[in-house]
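Participant: Supplied structure: coords31.cif, mmCIF, C-alpha atoms and all ligand atoms.
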```
data_data
loop_
_atom_site.label_atom_id
_atom_site.label_comp_id
_atom_site.auth_asym_id
_atom_site.auth_seq_id
_atom_site.Cartn_x
_atom_site.Cartn_y
_atom_site.Cartn_z
CA MET E 16 111.46 114.13 107.98
CA ILE E 17 107.69 114.47 108.31
CA ILE E 18 106.18 114.35 104.84
CA GLN E 19 102.88 116.01 104.05
CA PRO E 20 101.21 116.43 100.66
CA LYS E 21 101.99 119.65 98.82
CA THR E 22 99.85 120.23 95.77
CA ARG E 23 100.20 122.54 92.84
CA GLY E 24 97.10 122.26 90.63
CA PHE E 25 96.79 118.65 89.58
CA ILE E 26 100.24 117.61 90.76
CA CYS E 27 101.49 116.72 94.17
CA THR E 28 105.13 117.70 94.62
CA THR E 29 105.81 115.41 97.58
CA ALA E 30 105.45 111.66 98.01
CA HIS E 31 105.48 109.40 101.06
CA PRO E 32 107.81 106.36 100.88
CA GLU E 33 105.89 104.19 103.33
CA GLY E 34 102.51 105.08 101.84
CA CYS E 35 103.76 104.26 98.33
CA ALA E 36 105.24 100.97 99.58
CA SER E 37 101.93 100.10 101.20
CA GLN E 38 100.01 100.83 97.98
CA VAL E 39 102.37 98.59 96.03
CA GLN E 40 102.05 95.84 98.64
CA ARG E 41 98.25 96.05 98.42
CA GLN E 42 98.45 95.48 94.67
CA ILE E 43 100.86 92.57 95.14
CA GLU E 44 98.52 90.97 97.71
CA TYR E 45 95.57 91.35 95.32
CA VAL E 46 97.43 89.46 92.59
CA LYS E 47 98.74 86.80 94.97
CA GLY E 48 95.17 86.15 96.07
CA LYS E 49 94.13 85.33 92.50
CA PRO E 50 94.73 82.17 90.44
CA ALA E 51 98.19 82.07 88.87
CA ILE E 52 98.50 83.03 85.21
CA LYS E 53 100.31 80.87 82.67
CA GLY E 54 101.86 83.97 81.22
CA PRO E 55 105.18 85.53 80.26
CA ARG E 56 108.57 84.54 81.73
CA ASN E 57 110.71 87.62 81.06
CA VAL E 58 109.06 91.01 80.72
CA LEU E 59 110.09 94.55 79.83
CA VAL E 60 107.76 97.31 81.02
CA VAL E 61 108.47 100.76 79.60
CA GLY E 62 106.75 103.30 81.90
CA ALA E 63 106.79 100.89 84.85
CA SER E 64 106.66 103.06 87.96
CA THR E 65 103.05 104.22 88.32
CA GLY E 66 99.54 103.61 86.99
CA TYR E 67 98.94 100.94 84.38
CA GLY E 68 102.64 100.18 83.81
CA LEU E 69 103.29 99.46 87.48
CA ALA E 70 100.17 97.29 87.70
CA SER E 71 101.28 95.38 84.58
CA ARG E 72 104.67 94.76 86.13
CA ILE E 73 103.08 93.51 89.37
CA VAL E 74 100.74 91.16 87.50
CA ALA E 75 103.60 89.80 85.37
CA ALA E 76 105.82 89.21 88.41
CA PHE E 77 103.37 88.06 91.06
CA GLY E 78 100.68 86.56 88.82
CA SER E 79 102.92 84.81 86.34
CA GLY E 80 106.25 84.52 88.19
CA ALA E 81 108.02 86.60 85.54
CA ASN E 82 111.38 88.29 85.77
CA THR E 83 110.94 91.97 84.93
CA VAL E 84 112.88 94.97 83.71
CA GLY E 85 111.20 98.29 84.48
CA VAL E 86 112.13 101.49 82.64
CA TYR E 87 110.81 104.77 84.02
CA PHE E 88 111.56 108.43 84.52
CA ASP E 89 111.58 109.18 88.23
CA LYS E 90 113.69 111.19 90.61
CA ALA E 91 115.47 110.22 93.82
CA ALA E 92 115.12 112.38 96.94
CA GLU E 93 117.45 115.34 97.12
CA GLY E 94 117.96 117.14 100.38
CA SER E 95 114.54 117.98 101.76
CA ARG E 96 112.82 117.20 98.46
CA THR E 97 111.19 113.79 98.48
CA ALA E 98 111.64 111.31 95.66
CA THR E 99 108.79 110.99 93.17
CA ALA E 100 106.05 108.46 93.86
CA GLY E 101 107.28 106.22 91.03
CA TRP E 102 110.68 106.03 92.70
CA TYR E 103 109.23 104.85 96.00
CA ASN E 104 106.82 102.48 94.22
CA SER E 105 109.67 100.91 92.29
CA ALA E 106 111.87 100.57 95.37
CA ALA E 107 109.04 98.67 97.05
CA PHE E 108 108.40 96.55 93.97
CA GLU E 109 112.07 95.62 93.54
CA ALA E 110 112.39 94.62 97.20
CA ALA E 111 109.26 92.45 97.07
CA ALA E 112 110.25 90.82 93.76
CA SER E 113 113.73 89.93 95.08
CA GLU E 114 112.20 88.53 98.23
CA ALA E 115 109.97 86.34 96.09
CA GLY E 116 113.03 85.03 94.27
CA LEU E 117 112.26 86.83 91.02
CA LYS E 118 114.84 88.64 88.98
CA SER E 119 114.00 92.29 88.54
CA TYR E 120 115.89 95.34 87.39
CA SER E 121 115.21 99.05 87.13
CA ILE E 122 116.51 101.50 84.57
CA VAL E 123 115.80 105.14 85.32
CA GLY E 124 116.03 107.54 82.42
CA ASP E 125 114.39 108.83 79.27
CA ALA E 126 112.77 105.92 77.45
CA PHE E 127 112.59 108.04 74.29
CA SER E 128 116.39 108.18 74.05
CA ASP E 129 118.68 105.82 72.13
CA GLU E 130 120.91 105.62 75.18
CA ILE E 131 118.25 104.11 77.47
CA LYS E 132 117.16 101.67 74.77
CA ALA E 133 120.76 100.50 74.35
CA LYS E 134 121.25 100.22 78.11
CA THR E 135 118.05 98.19 78.45
CA ILE E 136 119.06 95.85 75.65
CA ASP E 137 122.47 95.24 77.24
CA LEU E 138 120.81 94.45 80.54
CA ILE E 139 118.35 92.03 78.94
CA ARG E 140 121.14 90.31 77.05
CA THR E 141 123.32 89.78 80.11
CA GLU E 142 120.67 89.02 82.73
CA LEU E 143 117.68 87.49 80.96
CA GLY E 144 118.78 86.53 77.47
CA GLN E 145 115.47 87.29 75.80
CA ILE E 146 112.11 88.76 76.73
CA ASP E 147 108.72 87.44 75.72
CA LEU E 148 106.53 90.42 76.63
CA VAL E 149 107.02 94.17 76.12
CA VAL E 150 104.50 96.44 77.83
CA TYR E 151 104.61 100.02 76.56
CA SER E 152 102.92 102.30 79.10
CA VAL E 153 104.66 105.66 78.82
CA ALA E 154 102.58 108.78 79.46
CA SER E 155 104.60 111.95 79.10
CA PRO E 156 104.07 115.62 78.40
CA ARG E 157 107.28 115.86 76.35
CA ARG E 158 109.59 113.90 74.09
CA THR E 159 112.97 114.69 72.64
CA HIS E 160 113.28 112.95 69.30
CA PRO E 161 116.34 110.68 69.43
CA LYS E 162 117.36 111.28 65.82
CA THR E 163 116.54 114.96 65.18
CA GLY E 164 116.76 116.36 68.72
CA GLU E 165 113.43 118.17 68.25
CA VAL E 166 111.56 118.60 71.53
CA PHE E 167 107.84 117.90 71.21
CA SER E 168 105.19 118.90 73.75
CA SER E 169 101.81 117.27 73.91
CA VAL E 170 98.60 119.23 74.48
CA ILE E 171 95.13 118.07 75.36
CA LYS E 172 92.91 120.08 73.06
CA PRO E 173 89.96 119.57 70.73
CA LEU E 174 90.41 119.68 66.97
CA GLY E 175 88.57 122.15 64.76
CA GLU E 176 86.16 123.63 67.28
CA THR E 177 86.23 125.16 70.73
CA TYR E 178 85.03 122.73 73.38
CA THR E 179 83.13 123.67 76.52
CA ASN E 180 82.00 121.28 79.22
CA LYS E 181 81.81 120.83 82.95
CA THR E 182 84.95 120.31 84.93
CA VAL E 183 85.80 120.11 88.60
CA ASN E 184 88.50 121.34 90.91
CA PHE E 185 88.78 118.10 92.85
CA HIS E 186 90.42 119.80 95.80
CA THR E 187 87.54 122.22 96.41
CA GLY E 188 84.59 120.50 94.71
CA GLU E 189 83.89 123.55 92.57
CA VAL E 190 82.21 122.61 89.30
CA SER E 191 82.73 125.10 86.51
CA GLN E 192 82.78 125.30 82.73
CA ALA E 193 86.10 124.57 81.03
CA THR E 194 86.54 126.07 77.60
CA ILE E 195 89.40 124.80 75.48
CA GLU E 196 90.40 126.36 72.19
CA PRO E 197 91.18 124.00 69.31
CA ALA E 198 94.75 122.86 68.72
CA THR E 199 96.86 124.23 65.92
CA GLU E 200 98.23 121.89 63.24
CA ASP E 201 101.62 122.05 64.92
CA GLU E 202 100.25 121.18 68.36
CA LEU E 203 98.53 118.18 66.80
CA ARG E 204 101.76 117.07 65.13
CA GLN E 205 103.70 117.42 68.37
CA THR E 206 101.11 115.52 70.45
CA ILE E 207 101.22 112.62 67.98
CA ALA E 208 105.03 112.67 68.20
CA VAL E 209 104.86 112.36 72.02
CA MET E 210 101.93 110.01 72.59
CA GLY E 211 101.66 108.22 69.22
CA GLY E 212 103.33 104.97 68.25
CA GLU E 213 106.74 106.05 66.91
CA ASP E 214 108.67 105.35 70.10
CA TRP E 215 106.92 102.01 70.66
CA GLN E 216 107.91 101.02 67.12
CA MET E 217 111.51 102.12 67.82
CA TRP E 218 111.66 99.96 70.96
CA ILE E 219 110.43 96.87 69.13
CA ASP E 220 112.75 97.48 66.17
CA GLU E 221 115.77 97.85 68.43
CA LEU E 222 114.89 94.83 70.59
CA GLN E 223 114.32 92.70 67.51
CA LYS E 224 117.52 93.88 65.82
CA ALA E 225 119.51 93.05 68.94
CA GLY E 226 118.02 89.54 69.05
CA VAL E 227 116.64 89.94 72.57
CA LEU E 228 113.00 89.47 71.62
CA ALA E 229 112.00 85.83 72.01
CA GLU E 230 110.19 83.96 69.29
CA GLY E 231 106.45 84.35 69.74
CA ALA E 232 106.89 87.52 71.83
CA THR E 233 103.92 89.71 72.66
CA THR E 234 103.79 93.48 72.94
CA VAL E 235 100.97 95.62 74.26
CA ALA E 236 100.37 99.38 74.63
CA TYR E 237 97.44 101.16 76.24
CA SER E 238 94.73 103.41 74.91
CA TYR E 239 91.45 104.99 75.93
CA ILE E 240 88.16 105.67 74.17
CA GLY E 241 85.61 106.77 76.77
CA PRO E 242 82.16 108.32 76.57
CA GLU E 243 80.57 110.88 74.27
CA ILE E 244 81.00 113.70 76.82
CA THR E 245 84.79 113.55 76.69
CA HIS E 246 85.11 112.71 72.97
CA ALA E 247 85.78 116.26 71.75
CA VAL E 248 88.63 116.76 74.21
CA TYR E 249 89.91 113.20 74.29
CA ARG E 250 89.16 110.68 71.58
CA GLU E 251 88.46 113.21 68.81
CA GLY E 252 91.05 115.66 70.08
CA THR E 253 94.83 115.79 69.92
CA ILE E 254 95.36 112.87 72.30
CA GLY E 255 92.85 110.74 70.38
CA ALA E 256 94.78 111.43 67.18
CA ALA E 257 97.91 110.22 68.96
CA LYS E 258 96.04 107.10 70.10
CA ASN E 259 94.92 106.48 66.50
CA ASP E 260 98.58 106.54 65.58
CA LEU E 261 99.41 104.14 68.44
CA GLU E 262 96.66 101.78 67.31
CA ALA E 263 97.87 101.88 63.70
CA THR E 264 101.36 101.08 65.00
CA ALA E 265 99.95 97.99 66.74
CA GLY E 266 98.67 96.80 63.36
CA ARG E 267 102.11 97.21 61.80
CA LEU E 268 103.89 95.61 64.76
CA HIS E 269 101.47 92.68 64.70
CA LYS E 270 102.50 91.94 61.11
CA GLN E 271 106.17 92.46 61.93
CA LEU E 272 106.10 90.09 64.91
CA SER E 273 103.72 87.49 63.54
CA ALA E 274 106.44 86.27 61.15
CA ALA E 275 108.06 84.81 64.28
CA GLY E 276 104.77 83.78 65.87
CA GLY E 277 104.51 87.00 67.91
CA ARG E 278 101.70 89.49 68.38
CA ALA E 279 101.09 93.18 69.11
CA TYR E 280 97.99 94.67 70.68
CA VAL E 281 96.55 97.86 71.98
CA SER E 282 94.41 97.36 75.05
CA VAL E 283 91.74 99.98 75.65
CA ASN E 284 91.67 100.43 79.42
CA LYS E 285 89.22 101.95 81.84
CA ALA E 286 89.40 105.61 82.93
CA LEU E 287 91.19 105.69 86.26
CA VAL E 288 92.82 108.13 88.61
CA THR E 289 96.49 108.33 87.64
CA GLN E 290 98.95 111.19 87.47
CA SER E 291 98.29 111.48 83.75
CA SER E 292 94.50 111.39 83.76
CA SER E 293 94.21 114.00 86.53
CA ALA E 294 95.82 116.50 84.15
CA ILE E 295 93.02 116.26 81.58
CA PRO E 296 90.17 118.79 81.93
CA VAL E 297 86.64 117.31 82.30
CA VAL E 298 88.03 113.77 82.79
CA PRO E 299 88.35 113.87 86.63
CA LEU E 300 84.68 114.86 86.91
CA TYR E 301 83.69 112.08 84.51
CA ILE E 302 85.80 109.58 86.48
CA SER E 303 84.13 110.68 89.72
CA ALA E 304 80.69 110.13 88.20
CA LEU E 305 81.81 106.81 86.73
CA TYR E 306 83.27 105.58 90.04
CA LYS E 307 80.00 106.22 91.83
CA VAL E 308 77.98 104.19 89.33
CA MET E 309 80.52 101.35 89.01
CA LYS E 310 80.99 101.07 92.78
CA GLU E 311 77.23 100.93 93.31
CA LYS E 312 76.96 98.12 90.76
CA GLY E 313 79.93 96.23 92.21
CA LEU E 314 81.88 96.64 88.96
CA HIS E 315 84.53 99.07 90.10
CA GLU E 316 88.14 98.26 89.22
CA GLY E 317 91.49 99.99 89.78
CA CYS E 318 94.70 99.59 87.74
CA ILE E 319 95.58 96.26 89.31
CA GLU E 320 92.15 94.67 88.77
CA GLN E 321 92.18 95.88 85.16
CA MET E 322 95.66 94.51 84.48
CA TYR E 323 94.94 91.18 86.16
CA ARG E 324 91.89 90.80 83.90
CA LEU E 325 93.92 91.84 80.85
CA PHE E 326 96.62 89.24 81.50
CA SER E 327 94.50 86.38 82.79
CA GLU E 328 91.52 86.62 80.44
CA ARG E 329 92.83 88.27 77.31
CA LEU E 330 96.59 88.20 76.68
CA TYR E 331 97.16 84.83 78.37
CA GLY E 332 93.62 83.48 78.64
CA GLN E 333 92.25 80.36 77.06
CA GLY E 334 92.09 80.40 73.27
CA GLU E 335 92.54 83.38 70.96
CA THR E 336 92.84 86.85 72.47
CA LEU E 337 89.44 88.50 72.22
CA VAL E 338 89.50 91.74 70.20
CA ASP E 339 86.87 94.11 68.75
CA GLU E 340 86.27 94.82 65.05
CA LYS E 341 89.26 97.17 65.03
CA GLY E 342 91.56 94.57 66.57
CA LEU E 343 91.59 96.30 69.98
CA ILE E 344 91.44 94.51 73.31
CA ARG E 345 88.52 96.04 75.23
CA ILE E 346 89.20 95.86 78.94
CA ASP E 347 87.07 99.02 79.20
CA ASP E 348 84.10 96.74 78.51
CA TRP E 349 82.53 97.22 81.95
CA GLU E 350 82.96 101.01 81.84
CA MET E 351 81.30 101.17 78.43
CA ARG E 352 78.26 99.04 79.28
CA PRO E 353 75.13 101.00 78.27
CA GLU E 354 73.59 100.74 81.74
CA ILE E 355 76.73 102.32 83.25
CA GLN E 356 77.02 105.03 80.63
CA ASN E 357 73.30 105.93 80.80
CA GLU E 358 73.53 106.52 84.52
CA VAL E 359 76.71 108.56 84.23
CA ALA E 360 75.09 110.68 81.50
CA LYS E 361 72.00 111.24 83.67
CA ALA E 362 74.15 112.43 86.59
CA TRP E 363 76.27 114.58 84.27
CA GLU E 364 73.21 116.59 83.14
CA GLN E 365 72.41 117.60 86.70
CA LEU E 366 75.91 118.12 88.09
CA THR E 367 76.67 121.36 89.94
CA THR E 368 78.94 122.47 92.77
CA GLU E 369 76.01 121.99 95.15
CA ASN E 370 75.34 118.33 94.36
CA VAL E 371 78.75 117.07 93.19
CA TYR E 372 79.47 115.03 96.34
CA GLU E 373 76.03 113.46 96.16
CA LEU E 374 75.96 112.61 92.45
CA THR E 375 79.59 111.57 92.06
CA ASP E 376 82.34 109.86 94.04
CA LEU E 377 84.47 113.00 94.09
CA GLU E 378 85.62 112.19 97.60
CA GLY E 379 86.84 108.80 96.36
CA TYR E 380 88.60 110.49 93.44
CA ARG E 381 90.33 112.98 95.73
CA ARG E 382 91.44 110.24 98.10
CA GLU E 383 92.80 108.07 95.29
CA PHE E 384 94.65 111.07 93.90
CA PHE E 385 96.50 111.49 97.20
CA GLN E 386 97.06 107.74 97.43
CA LEU E 387 98.98 107.93 94.14
CA PHE E 388 101.60 109.82 96.14
CA GLY E 389 101.41 107.55 99.18
CA PHE E 390 99.10 109.75 101.26
CA GLU E 391 95.73 108.97 102.86
CA THR E 392 96.71 105.34 103.11
CA ASP E 393 95.41 103.27 106.00
CA GLY E 394 97.96 102.11 108.52
CA ILE E 395 100.52 104.85 107.84
CA ASN E 396 101.40 107.33 110.57
CA TYR E 397 101.87 110.60 108.72
CA GLU E 398 103.07 112.38 111.85
CA ALA E 399 106.07 110.06 112.15
CA ASP E 400 109.54 110.91 110.98
CA VAL E 401 110.50 108.92 107.87
CA ASN E 402 113.66 108.74 105.84
CA GLN E 403 112.90 110.24 102.44
CA GLU E 404 116.08 108.78 100.98
CA VAL E 405 115.20 105.34 99.71
CA GLU E 406 117.44 103.27 97.49
CA ILE E 407 116.10 101.20 94.65
CA PRO E 408 117.56 97.69 94.82
CA ASN E 409 118.75 96.44 91.41
CA LEU E 410 118.96 99.91 89.90
CA ARG E 411 121.17 99.77 86.80
P1 LIG W 501 101.16 107.31 84.60
O1 LIG W 501 101.44 108.77 84.54
O2 LIG W 501 100.66 106.73 85.87
O3 LIG W 501 102.48 106.49 84.18
C1 LIG W 501 103.36 106.90 83.19
C2 LIG W 501 104.66 106.13 83.28
O4 LIG W 501 105.50 106.60 82.21
C3 LIG W 501 105.47 106.35 84.58
O5 LIG W 501 106.08 105.13 84.96
C4 LIG W 501 106.55 107.34 84.16
O6 LIG W 501 107.76 107.24 84.90
C5 LIG W 501 106.79 106.88 82.74
N1 LIG W 501 107.44 107.89 81.89
C6 LIG W 501 106.98 109.13 81.56
N2 LIG W 501 107.88 109.74 80.74
C7 LIG W 501 108.90 108.87 80.56
C8 LIG W 501 110.11 108.89 79.84
N3 LIG W 501 110.46 109.95 79.12
N4 LIG W 501 110.93 107.83 79.94
C9 LIG W 501 110.61 106.73 80.69
N5 LIG W 501 109.47 106.64 81.35
C10 LIG W 501 108.62 107.69 81.29
O7 LIG W 501 100.18 107.04 83.38
P2 LIG W 501 99.00 105.99 83.10
O8 LIG W 501 97.72 106.70 83.30
O9 LIG W 501 99.25 104.70 83.77
O10 LIG W 501 99.15 105.84 81.53
C11 LIG W 501 99.85 104.77 80.90
C12 LIG W 501 99.16 104.48 79.58
O11 LIG W 501 97.82 104.06 79.83
C13 LIG W 501 99.08 105.69 78.65
O12 LIG W 501 99.24 105.26 77.33
C14 LIG W 501 97.65 106.16 78.86
O13 LIG W 501 97.14 106.89 77.78
C15 LIG W 501 96.94 104.83 79.02
N6 LIG W 501 95.60 104.88 79.64
C16 LIG W 501 95.38 105.57 80.79
C17 LIG W 501 94.09 105.63 81.30
C18 LIG W 501 93.78 106.39 82.57
O14 LIG W 501 92.61 106.68 82.82
N7 LIG W 501 94.75 106.70 83.38
C19 LIG W 501 93.04 104.96 80.67
C20 LIG W 501 93.31 104.22 79.53
C21 LIG W 501 94.61 104.20 79.01
#
```
Mind turning the file's structure into structure tokens?

Facilitator:
Amino acid sequence: MIIQPKTRGFICTTAHPEGCASQVQRQIEYVKGKPAIKGPRNVLVVGASTGYGLASRIVAAFGSGANTVGVYFDKAAEGSRTATAGWYNSAAFEAAASEAGLKSYSIVGDAFSDEIKAKTIDLIRTELGQIDLVVYSVASPRRTHPKTGEVFSSVIKPLGETYTNKTVNFHTGEVSQATIEPATEDELRQTIAVMGGEDWQMWIDELQKAGVLAEGATTVAYSYIGPEITHAVYREGTIGAAKNDLEATAGRLHKQLSAAGGRAYVSVNKALVTQSSSAIPVVPLYISALYKVMKEKGLHEGCIEQMYRLFSERLYGQGETLVDEKGLIRIDDWEMRPEIQNEVAKAWEQLTTENVYELTDLEGYRREFFQLFGFETDGINYEADVNQEVEIPNLR
């Protein structure tokens, strides 16, 4: 069928298989063009189909020659409904990894469940023996607790006070004021349950208990800090509280794993266009302003550039892994440089609907958003008939 983008708010309900494959190939080529990394051999990526998780998997496989297991929650095509972007991305990744002679496996299902953890462990045991890196990159609006059955929903809200700031409809370019009421205690609790560290801890506990975590294994999860303008809604809001919990979990896991020479980190990554970040009010406008400044200064990075730097310079670089005073890896270092932030803040002050395309890279943001779903990708004929039904090789 002919597949065109169909958007509903900040989601796109269709995805293009060839466009997604081309985006994945571009990331693979980027990594192959860089010096090889003396990194992990066998890697589990939880949340592996899009964004930072996908980029981590690509760097592990094509930068370090690692075998990989990817766990993710994506849907196959059904009738005239296309598969999700993560499905097409993973199909392309699996095909390329096999072609390169790497072992790779996909498990599609709810990473929060006991069942998927058990299935993943069985697969590791039979196919890889042990893993030496676990990347935890799940971003989800909901989680069903595996022990109590309680369903938690996460919200992106400030704490204590109402927050008002500029936001943009990135489809139309309209800049308006977003006002978000503070979260209730229960919304805060639920957001921490979804995006905090409990599930990461459960994964590591189960992997360790099953004996499939190699001695000296590393685990890493991702966080964000960002600028003053988004603090109330992000870092000091519900999601920030969940990230505090994730970061505290890293501390506990580091102790737990260091007994066997292992390590656990949280890496603070750069703000980027992904399916998750486009759902956060204010953030897409900030990212558009940030992109403009970073591109002008030649410092712009996407997921793949960030993850290559994380693996090659920090996790598997020379010497000790560089961390800040809180023990966090700061791969957001370029984003947070004062000269970048000062310019973004200056633009932010003046931003209106009239000047948004001049002062920010909103056009770049919009394009990247569609590229997440395989659209607006060079070299793809969007008028051509394509088969929406794509199989994932090595799906377990
Ligand atoms: P994303 O939406 O692109 O990817 C999320 C992944 O999680 C997908 O592979 C999806 O299939 C998977 N997933 C969701 N629910 C699942 C479930 N129940 N079971 C199994 N898999 C599930 O998100 P992203 O932006 O790459 O975010 C990944 C991490 O990086 C998050 O912790 C996020 O906070 C962090 N981060 C993001 C940014 C940013 O700007 N995007 C910046 C810094 C840190």

Participant: Check the smallest atom-to-atom distance from each of E:His269, E:His31, E:Arg157, E:Lys118 to E:Val58 using all atoms listed in the file, then report the winner.

Facilitator: E:Lys118

Participant: Measuring between all atoms listed in the file, which one of E:Gln145, E:Ile219, E:Ser168, E:Thr233 shows the shortest distance to E:Glu202?

Facilitator: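 Of all the options, E:Ser168 lies closest to E:Glu202.
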
Participant: So for ligand LIG 501 (chain W), what box centre and size do we get, axis-aligned, 3 Å extra on each of the six sides, every listed atom, Å to one decimal, as AutoDock Vina command-line options?

Facilitator:
```
--center_x 101.8 --center_y 107.0 --center_z 81.6 --size_x 24.3 --size_y 11.9 --size_z 14.5
```

Participant: E:Tyr331, E:Tyr280, E:Phe127, E:Phe326: which is nearest ligand LIG 501 (chain W), counting all atoms listed in the file?

Facilitator: E:Phe127

Participant: Given all atoms listed in the file as the basis, pick out the residue of E:Gly277, E:Gly241, E:Gly252, E:Gly266 nearest to ligand LIG 501 (chain W).

Facilitator: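 Selected residue with least distance to ligand LIG 501 (chain W): E:Gly241.
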
Participant: Which residues come within 10 Å of E:Val166, counting only C-alpha atoms, excluding same-chain residues fewer than 5 positions away, as a VMD selection string?

Facilitator: chain E and resid 157 to 161 205 208 to 209

Participant: Could those selected residues go to a file with C-alpha atoms, as a tab-separated table (two decimals), in the frame of the given file?

Facilitator:
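As written to disk, again.tsv reads:
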```tsv
chain	number	residue	atom	x	y	z
E	157	ARG	CA	107.28	115.86	76.35
E	158	ARG	CA	109.59	113.90	74.09
E	159	THR	CA	112.97	114.69	72.64
E	160	HIS	CA	113.28	112.95	69.30
E	161	PRO	CA	116.34	110.68	69.43
E	205	GLN	CA	103.70	117.42	68.37
E	208	ALA	CA	105.03	112.67	68.20
E	209	VAL	CA	104.86	112.36	72.02
```

Participant: Ranking E:Thr179, E:Gln38, E:Ser64, E:Gln365 by minimum distance to ligand LIG 501 (chain W) and counting only C-alpha atoms and all ligand atoms, which one comes first?

Facilitator: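 Of E:Thr179, E:Gln38, E:Ser64, E:Gln365, the one nearest ligand LIG 501 (chain W), counting only C-alpha atoms and all ligand atoms, is E:Ser64.
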
Participant: Quote the spacing between atom CA of E:Gly212 and atom CA of E:Lys162 in Å to one decimal place.

Facilitator: 15.6 Å

Participant: Excluding E:Glu251 and residues on its chain fewer than 6 positions from it, collect all residues at most 12 Å away from it, counting all atoms listed in the file, and give them as a PDB file with C-alpha atoms, in the frame of the given file.

Facilitator:
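As a result, selection22.pdb now contains:
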```pdb
ATOM      1  CA  ILE E 171      95.130 118.070  75.360  1.00  0.00           C
ATOM      2  CA  LYS E 172      92.910 120.080  73.060  1.00  0.00           C
ATOM      3  CA  PRO E 173      89.960 119.570  70.730  1.00  0.00           C
ATOM      4  CA  LEU E 174      90.410 119.680  66.970  1.00  0.00           C
ATOM      5  CA  GLY E 175      88.570 122.150  64.760  1.00  0.00           C
ATOM      6  CA  GLU E 176      86.160 123.630  67.280  1.00  0.00           C
ATOM      7  CA  TYR E 178      85.030 122.730  73.380  1.00  0.00           C
ATOM      8  CA  PRO E 197      91.180 124.000  69.310  1.00  0.00           C
ATOM      9  CA  ALA E 198      94.750 122.860  68.720  1.00  0.00           C
ATOM     10  CA  LEU E 203      98.530 118.180  66.800  1.00  0.00           C
ATOM     11  CA  TYR E 239      91.450 104.990  75.930  1.00  0.00           C
ATOM     12  CA  ILE E 240      88.160 105.670  74.170  1.00  0.00           C
ATOM     13  CA  GLY E 241      85.610 106.770  76.770  1.00  0.00           C
ATOM     14  CA  PRO E 242      82.160 108.320  76.570  1.00  0.00           C
ATOM     15  CA  GLU E 243      80.570 110.880  74.270  1.00  0.00           C
ATOM     16  CA  ILE E 244      81.000 113.700  76.820  1.00  0.00           C
ATOM     17  CA  THR E 245      84.790 113.550  76.690  1.00  0.00           C
ATOM     18  CA  ALA E 257      97.910 110.220  68.960  1.00  0.00           C
ATOM     19  CA  LYS E 258      96.040 107.100  70.100  1.00  0.00           C
ATOM     20  CA  ASN E 259      94.920 106.480  66.500  1.00  0.00           C
TER      21      ASN E 259
END
```

Participant: Quick check, in Å to one decimal: how far apart do atom CA of E:Leu148 and atom CA of E:Val61 lie?

Facilitator: 10.9 Å

Participant: For ligand LIG 501 (chain W), which of E:Gly116, E:Gly188, E:Gly211, E:Pro32 is the closest residue, counting all atoms listed in the file?

Facilitator: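 Closest to ligand LIG 501 (chain W), using all atoms listed in the file: E:Gly211.
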
Participant: So what do you get for atom N3 of ligand LIG 501 (chain W) versus atom CA of E:Arg381, distance-wise?

Facilitator: 26.3 Å

Participant: Using all atoms listed in the file, find all polymer residues with an atom at most 12 Å away from the point (84.9, 113.9, 97.0); report them as a compact mmCIF listing (two decimals) with C-alpha atoms, in the coordinates of the input.

Facilitator:
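Listing of result.txt after writing:
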```txt
# COMPACT_ATOMS: atom_id res chain seq x y z
CA VAL E 183 85.80 120.11 88.60
CA ASN E 184 88.50 121.34 90.91
CA PHE E 185 88.78 118.10 92.85
CA HIS E 186 90.42 119.80 95.80
CA THR E 187 87.54 122.22 96.41
CA GLY E 188 84.59 120.50 94.71
CA GLU E 189 83.89 123.55 92.57
CA VAL E 190 82.21 122.61 89.30
CA PRO E 299 88.35 113.87 86.63
CA LEU E 300 84.68 114.86 86.91
CA ILE E 302 85.80 109.58 86.48
CA SER E 303 84.13 110.68 89.72
CA ALA E 304 80.69 110.13 88.20
CA TYR E 306 83.27 105.58 90.04
CA LYS E 307 80.00 106.22 91.83
CA THR E 368 78.94 122.47 92.77
CA ASN E 370 75.34 118.33 94.36
CA VAL E 371 78.75 117.07 93.19
CA TYR E 372 79.47 115.03 96.34
CA GLU E 373 76.03 113.46 96.16
CA LEU E 374 75.96 112.61 92.45
CA THR E 375 79.59 111.57 92.06
CA ASP E 376 82.34 109.86 94.04
CA LEU E 377 84.47 113.00 94.09
CA GLU E 378 85.62 112.19 97.60
CA GLY E 379 86.84 108.80 96.36
CA TYR E 380 88.60 110.49 93.44
CA ARG E 381 90.33 112.98 95.73
CA ARG E 382 91.44 110.24 98.10
CA GLU E 383 92.80 108.07 95.29
CA PHE E 384 94.65 111.07 93.90
CA PHE E 385 96.50 111.49 97.20
```

Participant: Within 6 Å of ligand LIG 501 (chain W), counting all atoms listed in the file: which residues, as number ranges by chain?

Facilitator: E: 62-68, 86-89, 124-127, 152-155, 237-239, 283-292

Participant: With 9 Å as the threshold, what does the neighbourhood of (105.6, 81.1, 84.7) contain in terms of residues, counting all atoms listed in the file? Coordinates are those of the file; answer as a ChimeraX atom specification.

Facilitator: /E:51-56,75-76,78-81

Participant: Might you pull out every residue within 12 Å of E:Ala36, with only C-alpha atoms counted and same-chain residues fewer than 5 positions away left off, and present them as a count of residues only?

Facilitator: 30
